[in-house]
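Accompanying notes for the structure given below.
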Amino acid sequence: MYFDPESFNRDWDETFLLADIGILLEQFKRWQRELPRVHPFYAVKANALHPIISTLAALGCGYDSASKNEISLVLKCGVSPDDIIYAHPCKFASHITYARNNDVRMMTFDNEEELKKVKKLFPEARLVLRIETDDSEARTHFKGKFGASVSEGKKLIELAKFENMEIIGISFHVGSGCPSVNSFRKAIEDSKTLFDFARDVGFRFSLLDIGGGFPGTEEHETISPFEKVVIIIKNMTSRHRLKPTSVIRKALDEHFPAGSGVRIIAEPGRYLPGPAIELVTNIFAKTTTKDRVCYGVGESVYNSLTPVLMEGFHFHPQLLEVSPAVYGDEHPFILP
Ligand SMILES: Cc1ncc(COP(=O)(O)O)c(C=O)c1O
């Protein structure tokens with residue numbers, strides 16, 4: 001167990017995170033077992049604790065950084081700029097310049113304005129075109145905000161050729177906490193359509209980025225949804241008399257076979273540290289109304305409990321210690 005000394009207070013008054021690096025390692029190994037052809041670029045936004053970033057760096061992970069700050073954090077951990085993708089389709093001008101000054105060349109875009117902005121500020125950038133996906137089953141949706149449709153993508157590829165900008169491949173994100181493998185399958189098919197179109201326009205795409213969306217352990221399930229996805233896929237594939245292998249692997253092997261010269265990466269965020277991290281906070285108040293008991297806790301939905309507000313997430317708290325000075329032997333807390 002790792003205690004972040006910055007946020008650890010001996011009075012137990014403050015909230016802090018406990019990270020079990022062993023679980024992080026297991027998640028990484030599980031990834032390699034299930035998706036051996038896909039190189040993970042950890043999405044730093046999921047958790048930017050130094051031990052998480054540096055452990056993943058030691059394991060050979062790449063990084064998805066979405067801002068100047070996230071790029072700088074990762075660079076400070078000694079990560080090579082070639083192992084970073086600046087994966088935000090709409091970027092601050094100053095952050096693009098920062099990326100240029102630090103040789104972070106890979107970056108996503110999904111619209112004409114961004115293409116022209118990057119051309120002005122970083123003409124040697126290696127662009128990755130982000131396309132939209134069906135993210136209707138995910139916990140957090142990006143459709144309508146990020147990602148070009150296939151027909152918009154074709155226009156952007158032509159425009160990039162005209163503007164003499166380099167596009168190296170396609171990226172997508174099926175939405176955070178995505179239980180549907182069909183979204184991955186369709187997005188991989190759409191990517192292949194654009195790879196073929198780009199070849200006809202004169203590009204040689206070499207990168208496919210299948211984004212994030214892989215769930216971590218949640219709601220105290222005994223097997224992680226990541227494995228469930230694989231189990232569901234196995235059931236589904238056997239029903240269809242196909243090999244018992246994952247839809248993602250199958251779609252990749254079909255459209256981007258090993259030996260095709262296409263490097264496949266992904267941007268897993270919550271999948272990697274999610275099951276490895278516990279939030280430790282204190283209960284400082286209790287109120288009882290007609291129909292429920294409410295506890296006041298030392299963490300907010302505007303901080304690490306944001307998923308409660310944004311995604312209707314349910315946490316399952318566990319009581320660790322009760323202050324004898326305040327409550328004696330009989331305390332008033334009954335947690336579900
Ligand atoms: C571009 C991008 N990549 C990766 C991620 C990580 O997603 P997840 O935590 O669902 O794997 C996100 C999350 O918002 C994202 O926006």
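As shown in the structure tokens, the chain order sets the letters A, B, ...; within each chain, residues go from 1, and ligands are also counted from 1 in the order they appear.
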task = Let me have all residues with an atom within 6 Å of ligand 1, counting only C-alpha atoms and all ligand atoms, laid out as a PyMOL selection string.
result = chain A and resi 43+46+87-88+176-177+211-214+267-271
Please list as a ChimeraX atom specification every residue within 10 Å of Arg37 in chain A, counting only C-alpha atoms and excluding residues in the same chain fewer than 4 positions away. /A:31-33,249,252-253,257-258,263-265
Hey, can you spit out that residue selection with all heavy atoms as a JSON list (two decimals), in the first residue's frame?
```json
[["chain", "number", "residue", "atom", "x", "y", "z"],
["A", 31, "TRP", "N", -4.22, -6.62, -19.16],
["A", 31, "TRP", "CA", -4.33, -5.94, -20.45],
["A", 31, "TRP", "C", -3.47, -6.66, -21.50],
["A", 31, "TRP", "O", -3.92, -6.96, -22.60],
["A", 31, "TRP", "CB", -3.87, -4.48, -20.32],
["A", 31, "TRP", "CG", -3.92, -3.76, -21.62],
["A", 31, "TRP", "CD1", -3.01, -3.84, -22.64],
["A", 31, "TRP", "CD2", -4.97, -2.89, -22.08],
["A", 31, "TRP", "NE1", -3.43, -3.07, -23.70],
["A", 31, "TRP", "CE2", -4.62, -2.48, -23.38],
["A", 31, "TRP", "CE3", -6.15, -2.44, -21.50],
["A", 31, "TRP", "CZ2", -5.43, -1.62, -24.12],
["A", 31, "TRP", "CZ3", -6.95, -1.58, -22.24],
["A", 31, "TRP", "CH2", -6.58, -1.18, -23.54],
["A", 32, "GLN", "N", -2.22, -6.94, -21.12],
["A", 32, "GLN", "CA", -1.31, -7.58, -22.08],
["A", 32, "GLN", "C", -1.80, -8.95, -22.51],
["A", 32, "GLN", "O", -1.63, -9.34, -23.66],
["A", 32, "GLN", "CB", 0.09, -7.71, -21.47],
["A", 32, "GLN", "CG", 0.77, -6.36, -21.33],
["A", 32, "GLN", "CD", 2.17, -6.52, -20.78],
["A", 32, "GLN", "OE1", 2.38, -7.21, -19.79],
["A", 32, "GLN", "NE2", 3.12, -5.87, -21.40],
["A", 33, "ARG", "N", -2.45, -9.64, -21.55],
["A", 33, "ARG", "CA", -2.99, -10.97, -21.87],
["A", 33, "ARG", "C", -4.16, -10.87, -22.84],
["A", 33, "ARG", "O", -4.26, -11.62, -23.79],
["A", 33, "ARG", "CB", -3.50, -11.60, -20.56],
["A", 33, "ARG", "CG", -2.89, -12.92, -20.26],
["A", 33, "ARG", "CD", -3.43, -13.60, -19.02],
["A", 33, "ARG", "NE", -4.49, -12.99, -18.28],
["A", 33, "ARG", "CZ", -4.33, -12.43, -17.07],
["A", 33, "ARG", "NH1", -3.15, -12.38, -16.51],
["A", 33, "ARG", "NH2", -5.37, -11.92, -16.43],
["A", 249, "ARG", "N", -10.22, -8.04, -30.50],
["A", 249, "ARG", "CA", -9.08, -8.70, -31.14],
["A", 249, "ARG", "C", -9.43, -9.15, -32.55],
["A", 249, "ARG", "O", -8.66, -8.99, -33.49],
["A", 249, "ARG", "CB", -8.66, -9.93, -30.32],
["A", 249, "ARG", "CG", -7.87, -9.59, -29.09],
["A", 249, "ARG", "CD", -7.11, -10.81, -28.58],
["A", 249, "ARG", "NE", -7.97, -11.96, -28.36],
["A", 249, "ARG", "CZ", -8.29, -12.42, -27.15],
["A", 249, "ARG", "NH1", -7.83, -11.83, -26.09],
["A", 249, "ARG", "NH2", -9.06, -13.48, -27.03],
["A", 252, "LEU", "N", -9.69, -6.25, -34.93],
["A", 252, "LEU", "CA", -8.35, -5.74, -35.25],
["A", 252, "LEU", "C", -7.64, -6.69, -36.21],
["A", 252, "LEU", "O", -7.04, -6.25, -37.19],
["A", 252, "LEU", "CB", -7.52, -5.58, -33.96],
["A", 252, "LEU", "CG", -7.97, -4.46, -33.01],
["A", 252, "LEU", "CD1", -7.14, -4.47, -31.73],
["A", 252, "LEU", "CD2", -7.86, -3.08, -33.69],
["A", 253, "ASP", "N", -7.74, -8.00, -35.92],
["A", 253, "ASP", "CA", -7.04, -8.96, -36.78],
["A", 253, "ASP", "C", -7.62, -8.95, -38.19],
["A", 253, "ASP", "O", -6.91, -9.16, -39.16],
["A", 253, "ASP", "CB", -7.13, -10.37, -36.18],
["A", 253, "ASP", "CG", -6.26, -10.50, -34.93],
["A", 253, "ASP", "OD1", -5.41, -9.59, -34.71],
["A", 253, "ASP", "OD2", -6.42, -11.47, -34.17],
["A", 257, "PRO", "N", -4.46, -6.49, -39.65],
["A", 257, "PRO", "CA", -3.73, -7.70, -39.23],
["A", 257, "PRO", "C", -2.29, -7.41, -38.86],
["A", 257, "PRO", "O", -1.71, -6.43, -39.32],
["A", 257, "PRO", "CB", -3.81, -8.60, -40.48],
["A", 257, "PRO", "CG", -4.17, -7.71, -41.61],
["A", 257, "PRO", "CD", -4.89, -6.52, -41.05],
["A", 258, "ALA", "N", -1.75, -8.30, -38.01],
["A", 258, "ALA", "CA", -0.32, -8.18, -37.68],
["A", 258, "ALA", "C", 0.44, -8.25, -39.00],
["A", 258, "ALA", "O", 0.10, -9.04, -39.87],
["A", 258, "ALA", "CB", 0.07, -9.34, -36.76],
["A", 263, "ARG", "N", 0.53, 0.34, -36.28],
["A", 263, "ARG", "CA", 0.74, 0.25, -34.84],
["A", 263, "ARG", "C", -0.61, 0.51, -34.16],
["A", 263, "ARG", "O", -1.28, 1.50, -34.50],
["A", 263, "ARG", "CB", 1.75, 1.31, -34.42],
["A", 263, "ARG", "CG", 2.07, 1.28, -32.96],
["A", 263, "ARG", "CD", 2.99, 2.42, -32.59],
["A", 263, "ARG", "NE", 3.48, 2.26, -31.24],
["A", 263, "ARG", "CZ", 3.90, 3.25, -30.48],
["A", 263, "ARG", "NH1", 3.92, 4.48, -30.95],
["A", 263, "ARG", "NH2", 4.32, 3.02, -29.26],
["A", 264, "ILE", "N", -0.97, -0.37, -33.21],
["A", 264, "ILE", "CA", -2.27, -0.17, -32.54],
["A", 264, "ILE", "C", -2.01, 0.24, -31.09],
["A", 264, "ILE", "O", -1.28, -0.44, -30.36],
["A", 264, "ILE", "CB", -3.12, -1.45, -32.59],
["A", 264, "ILE", "CG1", -3.31, -1.88, -34.06],
["A", 264, "ILE", "CG2", -4.48, -1.22, -31.94],
["A", 264, "ILE", "CD1", -3.91, -3.26, -34.22],
["A", 265, "ILE", "N", -2.62, 1.35, -30.72],
["A", 265, "ILE", "CA", -2.50, 1.81, -29.33],
["A", 265, "ILE", "C", -3.91, 2.03, -28.77],
["A", 265, "ILE", "O", -4.90, 2.01, -29.50],
["A", 265, "ILE", "CB", -1.66, 3.11, -29.20],
["A", 265, "ILE", "CG1", -2.40, 4.32, -29.83],
["A", 265, "ILE", "CG2", -0.30, 2.96, -29.83],
["A", 265, "ILE", "CD1", -1.75, 5.66, -29.49]]
```
Using only C-alpha atoms, which protein or nucleic acid residues come within 12 Å of Ala66 in chain A? Drop anything in the same chain fewer than 4 positions from it, and give the result as a VMD selection string. chain A and resid 41 to 46 48 70 to 74 84 to 92 95 to 96 99 104 106 to 109 267 269
N, CA and C atoms of the current selection, written as a short mmCIF file (atom, residue, chain, number, x, y, z; two decimals), in the first residue's frame:
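The resulting file, out.cif, is reproduced below:
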```cif
data_model
loop_
_atom_site.label_atom_id
_atom_site.label_comp_id
_atom_site.auth_asym_id
_atom_site.auth_seq_id
_atom_site.Cartn_x
_atom_site.Cartn_y
_atom_site.Cartn_z
N PHE A 41 -1.60 3.47 -23.88
CA PHE A 41 -1.13 4.83 -23.58
C PHE A 41 -2.06 5.32 -22.46
N TYR A 42 -1.58 5.24 -21.23
CA TYR A 42 -2.44 5.55 -20.07
C TYR A 42 -2.97 6.98 -20.14
N ALA A 43 -4.28 7.14 -19.98
CA ALA A 43 -4.90 8.47 -19.99
C ALA A 43 -4.71 9.12 -18.62
N VAL A 44 -3.77 10.03 -18.56
CA VAL A 44 -3.33 10.62 -17.30
C VAL A 44 -4.49 11.27 -16.53
N LYS A 45 -5.49 11.73 -17.25
CA LYS A 45 -6.61 12.41 -16.57
C LYS A 45 -7.29 11.50 -15.55
N ALA A 46 -7.16 10.18 -15.72
CA ALA A 46 -7.83 9.26 -14.80
C ALA A 46 -7.24 9.37 -13.40
N ALA A 48 -3.44 11.26 -11.83
CA ALA A 48 -2.10 11.77 -12.16
C ALA A 48 -1.11 11.64 -11.01
N GLU A 70 -0.63 18.01 -18.18
CA GLU A 70 -0.49 16.55 -18.20
C GLU A 70 0.75 16.12 -18.99
N ILE A 71 1.08 16.88 -20.04
CA ILE A 71 2.31 16.56 -20.79
C ILE A 71 3.51 16.78 -19.88
N SER A 72 3.49 17.91 -19.16
CA SER A 72 4.63 18.24 -18.32
C SER A 72 4.81 17.21 -17.19
N LEU A 73 3.69 16.77 -16.58
CA LEU A 73 3.76 15.75 -15.53
C LEU A 73 4.45 14.49 -16.01
N VAL A 74 4.06 14.06 -17.21
CA VAL A 74 4.58 12.82 -17.75
C VAL A 74 6.06 12.97 -18.14
N ILE A 84 4.11 9.84 -25.99
CA ILE A 84 2.98 10.66 -25.53
C ILE A 84 2.12 11.03 -26.72
N ILE A 85 0.81 10.86 -26.57
CA ILE A 85 -0.11 11.41 -27.57
C ILE A 85 -0.89 12.53 -26.88
N TYR A 86 -0.88 13.68 -27.51
CA TYR A 86 -1.64 14.82 -26.99
C TYR A 86 -3.07 14.63 -27.50
N ALA A 87 -3.88 13.95 -26.66
CA ALA A 87 -5.16 13.43 -27.15
C ALA A 87 -6.33 14.33 -26.77
N HIS A 88 -6.26 15.56 -27.21
CA HIS A 88 -7.43 16.43 -27.07
C HIS A 88 -7.67 17.05 -28.44
N PRO A 89 -8.86 16.83 -29.01
CA PRO A 89 -9.08 17.33 -30.39
C PRO A 89 -9.12 18.85 -30.48
N CYS A 90 -9.29 19.55 -29.36
CA CYS A 90 -9.35 21.02 -29.38
C CYS A 90 -8.38 21.54 -28.32
N LYS A 91 -7.32 22.19 -28.78
CA LYS A 91 -6.23 22.51 -27.85
C LYS A 91 -5.99 24.02 -27.72
N PHE A 92 -5.57 24.45 -26.56
CA PHE A 92 -5.13 25.84 -26.39
C PHE A 92 -3.91 26.07 -27.28
N HIS A 95 -0.70 25.60 -25.48
CA HIS A 95 -0.38 24.21 -25.17
C HIS A 95 0.20 23.51 -26.39
N ILE A 96 -0.27 23.93 -27.58
CA ILE A 96 0.30 23.35 -28.81
C ILE A 96 1.77 23.77 -28.91
N ALA A 99 3.80 21.76 -26.60
CA ALA A 99 4.03 20.42 -27.16
C ALA A 99 5.16 20.50 -28.19
N VAL A 104 6.63 16.81 -28.50
CA VAL A 104 5.47 15.90 -28.46
C VAL A 104 4.71 16.12 -29.77
N MET A 106 2.76 13.84 -31.66
CA MET A 106 1.48 13.16 -31.95
C MET A 106 0.33 13.87 -31.27
N MET A 107 -0.67 14.28 -32.03
CA MET A 107 -1.82 14.95 -31.41
C MET A 107 -3.09 14.72 -32.23
N THR A 108 -4.22 14.69 -31.54
CA THR A 108 -5.48 14.43 -32.24
C THR A 108 -6.14 15.73 -32.69
N PHE A 109 -7.01 15.62 -33.67
CA PHE A 109 -7.85 16.74 -34.12
C PHE A 109 -9.11 16.15 -34.73
N GLU A 267 -6.03 4.18 -25.21
CA GLU A 267 -5.86 5.19 -24.16
C GLU A 267 -6.66 4.80 -22.91
N GLY A 269 -7.97 4.72 -19.38
CA GLY A 269 -7.86 5.62 -18.24
C GLY A 269 -8.24 4.86 -17.00
#
```
Filtered DSSP result for range 131-308 of chain A, state helix (DSSP H, G or I), as number ranges by chain: A: 150-162, 181-201, 225-239, 247-255, 274-276, 306-308
Excluding range 133-140 of chain A and its own-chain neighbours fewer than 2 positions away, which residues fall within 7 Å of it when counting only C-alpha atoms? Please give them as a CSV table (one decimal) with C-alpha atoms, in the first residue's frame.
```csv
chain,number,residue,atom,x,y,z
A,131,ILE,CA,-13.7,10.0,-35.4
A,142,PHE,CA,-18.5,12.2,-26.3
A,143,LYS,CA,-20.6,12.0,-29.4
A,172,PHE,CA,-11.7,7.1,-31.4
A,173,HIS,CA,-13.2,6.8,-28.0
A,174,VAL,CA,-16.3,4.7,-27.4
A,175,GLY,CA,-17.3,6.7,-24.3
A,176,SER,CA,-16.1,6.2,-20.7
A,177,GLY,CA,-17.2,3.0,-19.0
A,178,CYS,CA,-18.4,1.3,-22.2
A,179,PRO,CA,-20.0,-2.1,-21.8
A,180,SER,CA,-20.6,-2.6,-25.5
A,183,SER,CA,-19.1,0.1,-30.4
A,187,ALA,CA,-15.4,2.1,-34.8
A,311,GLU,CA,-22.4,9.1,-13.9
```
Residue with the minimum atom-to-atom distance to Asn101 in chain A, picked from A:Pro81, A:Gly259, A:Gly147, A:Gly153 with only C-alpha atoms counted, is A:Pro81
task = Within 12 Å of Gly22 in chain A, counting only C-alpha atoms, which residues show up once you throw out same-chain ones fewer than 6 positions away? Write them as JSON, numbers by chain, please.
result = {"A": [1, 2, 28, 29, 51, 52, 55, 56, 272, 273, 275, 276, 277]}
Same residues, N, CA and C atoms, output as a short mmCIF file (atom, residue, chain, number, x, y, z; two decimals), in the first residue's frame:
```
data_model
loop_
_atom_site.label_atom_id
_atom_site.label_comp_id
_atom_site.auth_asym_id
_atom_site.auth_seq_id
_atom_site.Cartn_x
_atom_site.Cartn_y
_atom_site.Cartn_z
N MET A 1 0.83 -1.21 0.00
CA MET A 1 0.00 0.00 0.00
C MET A 1 0.87 1.26 0.00
N TYR A 2 0.53 2.23 -0.78
CA TYR A 2 1.29 3.46 -0.86
C TYR A 2 0.51 4.60 -0.20
N PHE A 28 -2.32 -4.20 -15.54
CA PHE A 28 -1.46 -4.05 -16.72
C PHE A 28 -1.23 -5.42 -17.38
N LYS A 29 -0.95 -6.43 -16.52
CA LYS A 29 -0.69 -7.78 -17.07
C LYS A 29 -1.95 -8.33 -17.74
N PRO A 51 3.30 8.03 -8.40
CA PRO A 51 3.62 6.60 -8.40
C PRO A 51 2.88 5.81 -9.48
N ILE A 52 1.69 6.28 -9.81
CA ILE A 52 0.93 5.58 -10.86
C ILE A 52 1.64 5.80 -12.20
N THR A 55 5.15 4.05 -12.25
CA THR A 55 5.07 2.58 -12.34
C THR A 55 4.71 2.17 -13.75
N LEU A 56 3.71 2.84 -14.32
CA LEU A 56 3.30 2.48 -15.68
C LEU A 56 4.42 2.75 -16.67
N LEU A 272 -6.94 1.17 -15.70
CA LEU A 272 -5.65 0.82 -15.07
C LEU A 272 -5.62 1.11 -13.57
N PRO A 273 -5.80 2.36 -13.12
CA PRO A 273 -5.68 2.58 -11.68
C PRO A 273 -6.98 2.35 -10.91
N PRO A 275 -9.21 -0.03 -10.07
CA PRO A 275 -9.32 -1.04 -9.01
C PRO A 275 -8.20 -0.94 -7.98
N ALA A 276 -7.14 -0.18 -8.28
CA ALA A 276 -5.97 -0.14 -7.39
C ALA A 276 -6.08 0.97 -6.34
N ILE A 277 -7.07 1.81 -6.48
CA ILE A 277 -7.09 3.00 -5.61
C ILE A 277 -8.32 3.05 -4.72
#
```
Q) Excluding same-chain residues fewer than 2 positions from Met165 in chain A, what lies within 10 Å of it counting only C-alpha atoms, as number ranges by chain? A) A: 115-116, 118-119, 122-127, 157, 159-163, 167-168
Residues of the last selection are to be written out with N, CA, C and O atoms, as a compact mmCIF listing (two decimals), in the first residue's frame.
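Output (part00.txt):
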```
# COMPACT_ATOMS: atom_id res chain seq x y z
N LEU A 115 -7.21 21.94 -37.40
CA LEU A 115 -6.17 21.58 -38.38
C LEU A 115 -5.37 22.83 -38.77
O LEU A 115 -4.14 22.82 -38.80
N LYS A 116 -6.10 23.92 -39.03
CA LYS A 116 -5.41 25.15 -39.46
C LYS A 116 -4.61 25.77 -38.32
O LYS A 116 -3.53 26.32 -38.52
N VAL A 118 -3.21 24.11 -35.81
CA VAL A 118 -2.01 23.30 -35.62
C VAL A 118 -1.01 23.60 -36.74
O VAL A 118 0.20 23.70 -36.50
N LYS A 119 -1.53 23.81 -37.95
CA LYS A 119 -0.62 24.11 -39.07
C LYS A 119 0.20 25.37 -38.77
O LYS A 119 1.41 25.42 -39.00
N PHE A 122 2.35 24.42 -35.25
CA PHE A 122 3.18 23.22 -35.16
C PHE A 122 3.06 22.43 -36.47
O PHE A 122 2.50 21.33 -36.50
N PRO A 123 3.61 23.00 -37.56
CA PRO A 123 3.40 22.38 -38.88
C PRO A 123 3.98 20.97 -39.00
O PRO A 123 3.56 20.22 -39.87
N GLU A 124 4.94 20.62 -38.10
CA GLU A 124 5.53 19.27 -38.18
C GLU A 124 4.76 18.27 -37.32
O GLU A 124 5.20 17.12 -37.14
N ALA A 125 3.62 18.67 -36.77
CA ALA A 125 2.86 17.75 -35.91
C ALA A 125 2.45 16.51 -36.69
O ALA A 125 2.27 16.56 -37.91
N ARG A 126 2.34 15.39 -35.95
CA ARG A 126 1.86 14.15 -36.59
C ARG A 126 0.42 13.97 -36.13
O ARG A 126 0.16 13.57 -34.98
N LEU A 127 -0.50 14.32 -37.00
CA LEU A 127 -1.90 14.39 -36.60
C LEU A 127 -2.59 13.02 -36.61
O LEU A 127 -2.28 12.18 -37.46
N ILE A 157 -9.33 14.68 -44.29
CA ILE A 157 -8.13 14.02 -44.86
C ILE A 157 -7.72 14.76 -46.14
O ILE A 157 -6.53 15.06 -46.35
N LEU A 159 -8.43 17.84 -46.92
CA LEU A 159 -7.95 19.18 -46.55
C LEU A 159 -6.51 19.12 -46.03
O LEU A 159 -5.67 19.96 -46.37
N ALA A 160 -6.23 18.12 -45.19
CA ALA A 160 -4.87 17.99 -44.64
C ALA A 160 -3.87 17.79 -45.78
O ALA A 160 -2.77 18.35 -45.74
N LYS A 161 -4.26 17.01 -46.77
CA LYS A 161 -3.36 16.80 -47.91
C LYS A 161 -3.11 18.14 -48.60
O LYS A 161 -1.97 18.51 -48.90
N PHE A 162 -4.19 18.88 -48.81
CA PHE A 162 -4.09 20.18 -49.48
C PHE A 162 -3.20 21.14 -48.67
O PHE A 162 -2.41 21.90 -49.21
N GLU A 163 -3.36 21.10 -47.35
CA GLU A 163 -2.60 22.01 -46.46
C GLU A 163 -1.18 21.48 -46.19
O GLU A 163 -0.44 22.07 -45.41
N ILE A 167 -1.11 13.48 -41.56
CA ILE A 167 -1.98 12.68 -40.68
C ILE A 167 -1.39 11.27 -40.67
O ILE A 167 -1.07 10.71 -41.72
N ILE A 168 -1.24 10.71 -39.44
CA ILE A 168 -0.62 9.38 -39.36
C ILE A 168 -1.63 8.28 -39.04
O ILE A 168 -1.30 7.10 -39.10
```
Which residues in range 10-147 of chain A does DSSP call strand (DSSP E or B)? List them as a list in words. Phe16, Leu17, Leu18, Ala19, His39, Pro40, Phe41, Tyr42, Ala43, Gly62, Tyr63, Asp64, Ser65, Ile84, Ile85, Tyr86, Met106, Met107, Thr108, Phe109, Arg126, Leu127, Val128, Leu129, Arg130, Ile131 and Thr140 of chain A
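A straight line drawn from CA of Glu330 in chain A to CA of Ala285 in chain A is 15.4 Å long.
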Could you list, as a compact mmCIF listing (two decimals) with N, CA and C atoms, in the first residue's frame, every residue within 8 Å of range 295-304 of chain A, counting only C-alpha atoms and ignoring same-chain residues fewer than 5 positions away?
```txt
# COMPACT_ATOMS: atom_id res chain seq x y z
N ASP A 13 -8.00 13.55 9.55
CA ASP A 13 -9.04 14.53 9.24
C ASP A 13 -9.14 14.77 7.75
N GLU A 14 -8.05 14.50 7.07
CA GLU A 14 -8.03 14.82 5.66
C GLU A 14 -8.30 13.60 4.80
N THR A 15 -8.73 13.88 3.60
CA THR A 15 -9.00 12.82 2.65
C THR A 15 -7.71 12.49 1.90
N THR A 281 -11.54 8.78 3.62
CA THR A 281 -12.04 10.08 4.07
C THR A 281 -12.72 9.90 5.42
N ASN A 282 -13.14 10.98 6.03
CA ASN A 282 -13.78 10.81 7.33
C ASN A 282 -15.25 11.22 7.31
N ILE A 283 -15.99 10.62 8.22
CA ILE A 283 -17.40 11.01 8.37
C ILE A 283 -17.41 12.04 9.49
N PHE A 284 -17.87 13.24 9.18
CA PHE A 284 -17.83 14.27 10.23
C PHE A 284 -19.21 14.69 10.70
N ALA A 285 -20.25 14.16 10.09
CA ALA A 285 -21.59 14.56 10.51
C ALA A 285 -22.60 13.47 10.19
N LYS A 286 -23.70 13.49 10.94
CA LYS A 286 -24.78 12.55 10.65
C LYS A 286 -26.10 13.27 10.87
N THR A 287 -26.98 13.19 9.89
CA THR A 287 -28.33 13.76 10.09
C THR A 287 -29.35 12.69 9.73
N LEU A 309 -21.86 12.41 -9.29
CA LEU A 309 -22.68 13.46 -9.89
C LEU A 309 -22.86 13.23 -11.39
```
